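Dumped upload35.txt below, it's compact mmCIF, C-alpha atoms:
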```txt
# COMPACT_ATOMS: atom_id res chain seq x y z
CA MET A 20 234.89 183.87 106.54
CA ILE A 21 232.72 184.41 103.51
CA LYS A 22 234.06 187.17 101.28
CA GLY A 23 231.26 187.32 98.75
CA ILE A 24 228.14 185.65 97.43
CA LEU A 25 227.30 185.71 93.74
CA ILE A 26 224.36 184.36 91.79
CA ILE A 27 225.14 184.45 88.09
CA ASN A 28 223.04 183.14 85.21
CA ASN A 29 224.37 180.95 82.40
CA HIS A 30 225.08 184.03 80.27
CA GLY A 31 227.28 185.71 82.88
CA LYS A 32 224.73 188.25 84.11
CA PRO A 33 224.93 188.71 87.87
CA ARG A 34 221.54 188.41 89.58
CA ILE A 35 222.85 188.85 93.12
CA ALA A 36 226.27 190.17 94.09
CA LYS A 37 227.00 190.64 97.76
CA PHE A 38 230.54 191.46 98.85
CA PHE A 39 231.65 191.46 102.47
CA ASP A 40 234.99 193.09 101.68
CA TYR A 41 235.17 196.54 100.12
CA PHE A 42 235.80 196.60 96.37
CA THR A 43 235.21 199.44 93.96
CA GLU A 44 232.41 198.89 91.47
CA ASP A 45 234.89 198.34 88.64
CA LYS A 46 236.76 195.74 90.70
CA GLN A 47 233.46 194.03 91.56
CA GLN A 48 232.61 193.79 87.86
CA GLN A 49 236.05 192.34 87.13
CA ILE A 50 235.61 189.79 89.93
CA ILE A 51 232.19 188.76 88.61
CA ARG A 52 233.56 188.34 85.09
CA GLU A 53 236.56 186.34 86.31
CA VAL A 54 234.42 184.10 88.54
CA PHE A 55 232.01 183.41 85.69
CA GLN A 56 234.88 182.58 83.32
CA LEU A 57 236.37 180.19 85.87
CA ILE A 58 233.18 178.29 86.70
CA SER A 59 231.41 178.31 83.32
CA ARG A 60 234.29 176.46 81.64
CA ARG A 61 234.10 173.57 84.07
CA SER A 62 232.08 170.48 83.27
CA ASP A 63 229.18 169.43 85.47
CA ARG A 64 231.23 166.43 86.59
CA SER A 65 234.04 168.59 87.95
CA CYS A 66 234.57 169.31 91.61
CA ASN A 67 232.62 172.31 92.94
CA PHE A 68 235.67 173.89 94.61
CA LEU A 69 238.41 175.88 92.95
CA GLU A 70 241.02 178.54 93.62
CA GLY A 71 239.64 182.06 93.95
CA GLY A 72 241.43 183.55 90.99
CA SER A 73 243.85 186.43 90.71
CA LEU A 74 241.50 189.17 91.96
CA TRP A 75 240.43 187.46 95.20
CA GLY A 76 243.87 186.27 96.23
CA LYS A 77 245.55 182.90 96.73
CA GLU A 78 243.89 182.14 100.07
CA THR A 79 240.40 182.35 98.58
CA LYS A 80 238.29 179.44 97.36
CA LEU A 81 235.25 179.50 95.11
CA ILE A 82 232.57 177.02 96.12
CA TYR A 83 229.61 176.80 93.78
CA ARG A 84 226.58 174.83 92.71
CA HIS A 85 224.87 174.98 89.33
CA TYR A 86 221.08 174.77 89.47
CA ALA A 87 219.12 175.03 86.20
CA THR A 88 220.19 178.40 84.74
CA LEU A 89 221.97 179.82 87.80
CA PHE A 90 225.37 179.47 89.41
CA PHE A 91 225.34 180.01 93.20
CA VAL A 92 228.91 180.98 94.13
CA PHE A 93 230.32 181.56 97.60
CA CYS A 94 233.81 183.07 97.78
CA VAL A 95 235.42 182.06 101.07
CA ASP A 96 238.79 182.16 102.77
CA SER A 97 240.76 179.03 103.60
CA SER A 98 239.26 178.70 107.10
CA GLU A 99 235.81 177.69 105.77
CA SER A 100 234.82 174.09 105.17
CA GLU A 101 234.04 173.34 101.53
CA LEU A 102 231.38 170.79 102.41
CA GLY A 103 229.87 173.14 104.99
CA ILE A 104 229.53 175.88 102.37
CA LEU A 105 228.03 173.44 99.85
CA ASP A 106 225.46 172.56 102.51
CA LEU A 107 224.85 176.27 103.11
CA ILE A 108 224.23 176.78 99.38
CA GLN A 109 221.75 173.90 99.51
CA VAL A 110 219.94 175.49 102.48
CA PHE A 111 219.83 178.85 100.66
CA VAL A 112 218.37 177.30 97.50
CA GLU A 113 215.84 175.23 99.47
CA THR A 114 214.77 178.37 101.35
CA LEU A 115 214.33 180.24 98.08
CA ASP A 116 212.33 177.32 96.74
CA LYS A 117 210.03 177.28 99.78
CA CYS A 118 209.52 181.04 99.75
CA PHE A 119 208.90 181.34 96.00
CA GLU A 120 207.39 177.90 95.26
CA ASN A 121 209.67 176.61 92.51
CA VAL A 122 212.13 179.47 92.39
CA CYS A 123 213.36 180.67 89.01
CA GLU A 124 215.61 183.43 87.76
CA LEU A 125 212.69 185.85 87.38
CA ASP A 126 211.90 185.50 91.09
CA LEU A 127 215.40 186.73 91.87
CA ILE A 128 214.96 189.68 89.52
CA PHE A 129 211.50 190.81 90.62
CA HIS A 130 211.83 190.04 94.34
CA LEU A 131 215.37 191.21 94.96
CA ASP A 132 214.53 192.64 98.37
CA LYS A 133 213.09 189.35 99.59
CA VAL A 134 216.12 187.41 98.28
CA HIS A 135 218.45 189.78 100.12
CA TYR A 136 216.38 189.39 103.27
CA ILE A 137 216.65 185.59 103.03
CA LEU A 138 220.38 185.89 102.44
CA ASP A 139 220.71 188.22 105.45
CA GLU A 140 218.97 185.62 107.60
CA ILE A 141 221.61 183.08 106.58
CA VAL A 142 224.80 185.16 106.28
CA MET A 143 225.62 188.60 107.64
CA GLY A 144 228.96 190.34 107.57
CA GLY A 145 230.58 187.26 106.09
CA MET A 146 229.59 185.05 109.05
CA VAL A 147 227.02 182.26 108.93
CA LEU A 148 224.08 183.08 111.19
CA GLU A 149 221.51 180.37 110.56
CA THR A 150 221.47 177.03 108.79
CA SER A 151 218.09 175.70 109.90
CA LEU A 152 215.60 175.80 107.03
CA PRO A 153 212.50 176.01 109.28
CA ALA A 154 214.00 178.86 111.34
CA ILE A 155 214.88 180.84 108.21
CA VAL A 156 211.43 180.32 106.64
CA THR A 157 209.74 181.33 109.92
CA ALA A 158 211.77 184.56 110.07
CA VAL A 159 210.98 185.36 106.43
CA ASP A 160 207.26 184.69 106.96
CA ALA A 161 207.28 186.94 110.05
CA GLN A 162 208.93 189.71 108.03
CA ILE A 163 206.33 189.41 105.27
CA LYS A 164 203.54 189.56 107.86
CA ILE A 165 205.03 192.74 109.36
CA GLU A 166 205.39 194.31 105.90
CA LYS A 167 201.74 193.58 105.10
CA THR A 168 200.48 195.12 108.34
CA GLU A 169 202.69 198.20 108.11
CA ASN A 170 202.30 198.94 104.41
CA PRO A 171 200.58 202.36 104.25
CA LEU A 172 199.56 201.87 100.63
CA MET A 173 197.66 198.68 101.47
CA THR A 174 196.03 200.42 104.45
CA GLY A 175 194.91 203.26 102.19
CA ILE A 176 193.46 200.84 99.64
CA LYS A 177 191.59 198.96 102.38
CA ASP A 178 190.14 202.24 103.69
CA VAL A 179 188.96 203.22 100.20
CA LEU A 180 187.39 199.80 99.65
CA GLN A 181 185.58 199.96 102.99
CA THR A 182 184.27 203.44 102.14
CA ILE A 183 182.97 202.23 98.80
CA LYS A 184 181.22 199.26 100.41
CA ARG A 185 179.32 201.58 102.79
```

With the file now loaded, output its structure as structure tokens.
Amino acid sequence: MIKGILIINNHGKPRIAKFFDYFTEDKQQQIIREVFQLISRRSDRSCNFLEGGSLWGKETKLIYRHYATLFFVFCVDSSESELGILDLIQVFVETLDKCFENVCELDLIFHLDKVHYILDEIVMGGMVLETSLPAIVTAVDAQIKIEKTENPLMTGIKDVLQTIKR
């Protein structure tokens, strides 16, 4: 089971922190700091799996990938496959890349809701739901379409523009 998903930049600032176990906010901040300290010290040639640290417990593994300026970290229990989670991270990053066209850290900051929606399509409640890139992108596109049709602000703007044109 997945216990948490973190996206942390090279300076240790969390961009996404999603925990599937309850932790107080102070404990979450401690976990984020500890995870960053553990993974930022490792060289790029090191293995992408390591023990979860003192705050997660001995049965927890950290599986991560470093892309450009971001660390994508999945904290999992011992029942999860390391290679399966690495593949899941790859699917998540590819989905972000398709949805944002060359995703960067600013996309994660300014489109936090969309990133969480993508993440919810892949993982919910610590369980993997979907690993198919086309299925995830289709669901995200459908959600965006619904948002555009149901957005009352956009409807109001369209009405005003139509009135002006008359």

- Determine the nearest neighbour of Lys77 of chain A from the options A:Cys94, A:Leu89, A:Val110, A:Leu105, counting only C-alpha atoms. A:Cys94

- What gap, in Å, lies between atom CA of Lys32 of chain A and atom CA of Leu81 of chain A?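 Computing it gives 17.6 Å between the two atoms.
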
- Task: Name the closest residue to Leu125 of chain A among the candidates A:Thr88, A:Ser65, A:Thr43, A:Gln48; distances are taken between atoms, counting all atoms listed in the file.
- Result: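 Once distances to Leu125 of chain A are computed over all atoms listed in the file, the minimum belongs to A:Thr88.
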
With 8 Å on each side, where is the centre of the axis-aligned box around all listed atoms of segment 117-126 of chain A, and how long are its edges in Å to one decimal, as lines of an AutoDock Vina configuration file?
```
center_x = 211.5
center_y = 181.2
center_z = 93.6
size_x = 24.2
size_y = 25.2
size_z = 28.4
```

- Non-local contacts of Met146 of chain A (10 Å; all atoms listed in the file; under 3 positions in same chain excluded) as a PyMOL selection string: chain A and resi 20-22+39+141-143+149

Show which residues sit within 10 Å of Leu152 of chain A, as a PDB file with C-alpha atoms, in the coordinates of the input. Count all atoms listed in the file, and ignore same-chain residues fewer than 5 positions away.
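The result, stored in selection15.pdb:
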```
ATOM      1  CA  GLN A 109     221.750 173.900  99.510  1.00  0.00           C
ATOM      2  CA  VAL A 110     219.940 175.490 102.480  1.00  0.00           C
ATOM      3  CA  PHE A 111     219.830 178.850 100.660  1.00  0.00           C
ATOM      4  CA  GLU A 113     215.840 175.230  99.470  1.00  0.00           C
ATOM      5  CA  THR A 114     214.770 178.370 101.350  1.00  0.00           C
ATOM      6  CA  LYS A 117     210.030 177.280  99.780  1.00  0.00           C
ATOM      7  CA  ILE A 141     221.610 183.080 106.580  1.00  0.00           C
ATOM      8  CA  THR A 157     209.740 181.330 109.920  1.00  0.00           C
TER       9      THR A 157
END
```

- Message: When you count all atoms listed in the file, which of these residues is closest to Asp106 of chain A: A:Thr150, A:Val122, A:His85, A:His130?
- Response: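 With all atoms listed in the file as the atom set, the closest residue is A:Thr150.
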
- For each of A:Phe38, A:Phe119, A:Phe55, A:Trp75, take the minimum atom-to-atom distance to Val156 of chain A, counting all atoms listed in the file, then give the residue where this is smallest.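 Among the listed residues, the smallest separation from Val156 of chain A belongs to A:Phe119.
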
- Name the closest residue to Ala87 of chain A among the candidates A:Ile104, A:Ile35, A:Ile155, A:Ile27; distances are taken between atoms, counting only C-alpha atoms.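 That would be A:Ile27, the residue with the smallest distance to Ala87 of chain A.
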
- For Gly23 of chain A, please output as a PyMOL selection string all residues within 12 Å (counting only C-alpha atoms; exclusion window: fewer than 4 positions along the same chain). chain A and resi 35-42+47+50-51+54+71+75+79-83+91-96+138+142-146

- Item | Point-to-point distance from atom CA of Glu53 of chain A to atom CA of Tyr86 of chain A, Å rounded to tenths |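 Atom CA of Glu53 of chain A sits 19.6 Å away from atom CA of Tyr86 of chain A.
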
- Quick one: distance from atom CA of Asn67 of chain A to atom CA of Leu102 of chain A in Å, one decimal? 9.7 Å

- Query: Looking at A:Asn121, A:Thr182, A:Ser59, A:Ser100, which one is nearest to Asn28 of chain A, with distances taken over all atoms listed in the file?
  - Reply: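 Checking each candidate against Asn28 of chain A, we get A:Ser59 as the closest.
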
- Task: Name the residues in contact with segment 158-160 of chain A at a cut-off of 8 Å, using only C-alpha atoms, excluding same-chain residues fewer than 2 positions from it; report them as a list in words.
- Result: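 Near neighbours after the sequence-gap exclusion: Tyr136, Ile137, Glu140, Ala154, Ile155, Val156, Gln162, Ile163 and Lys164 of chain A.
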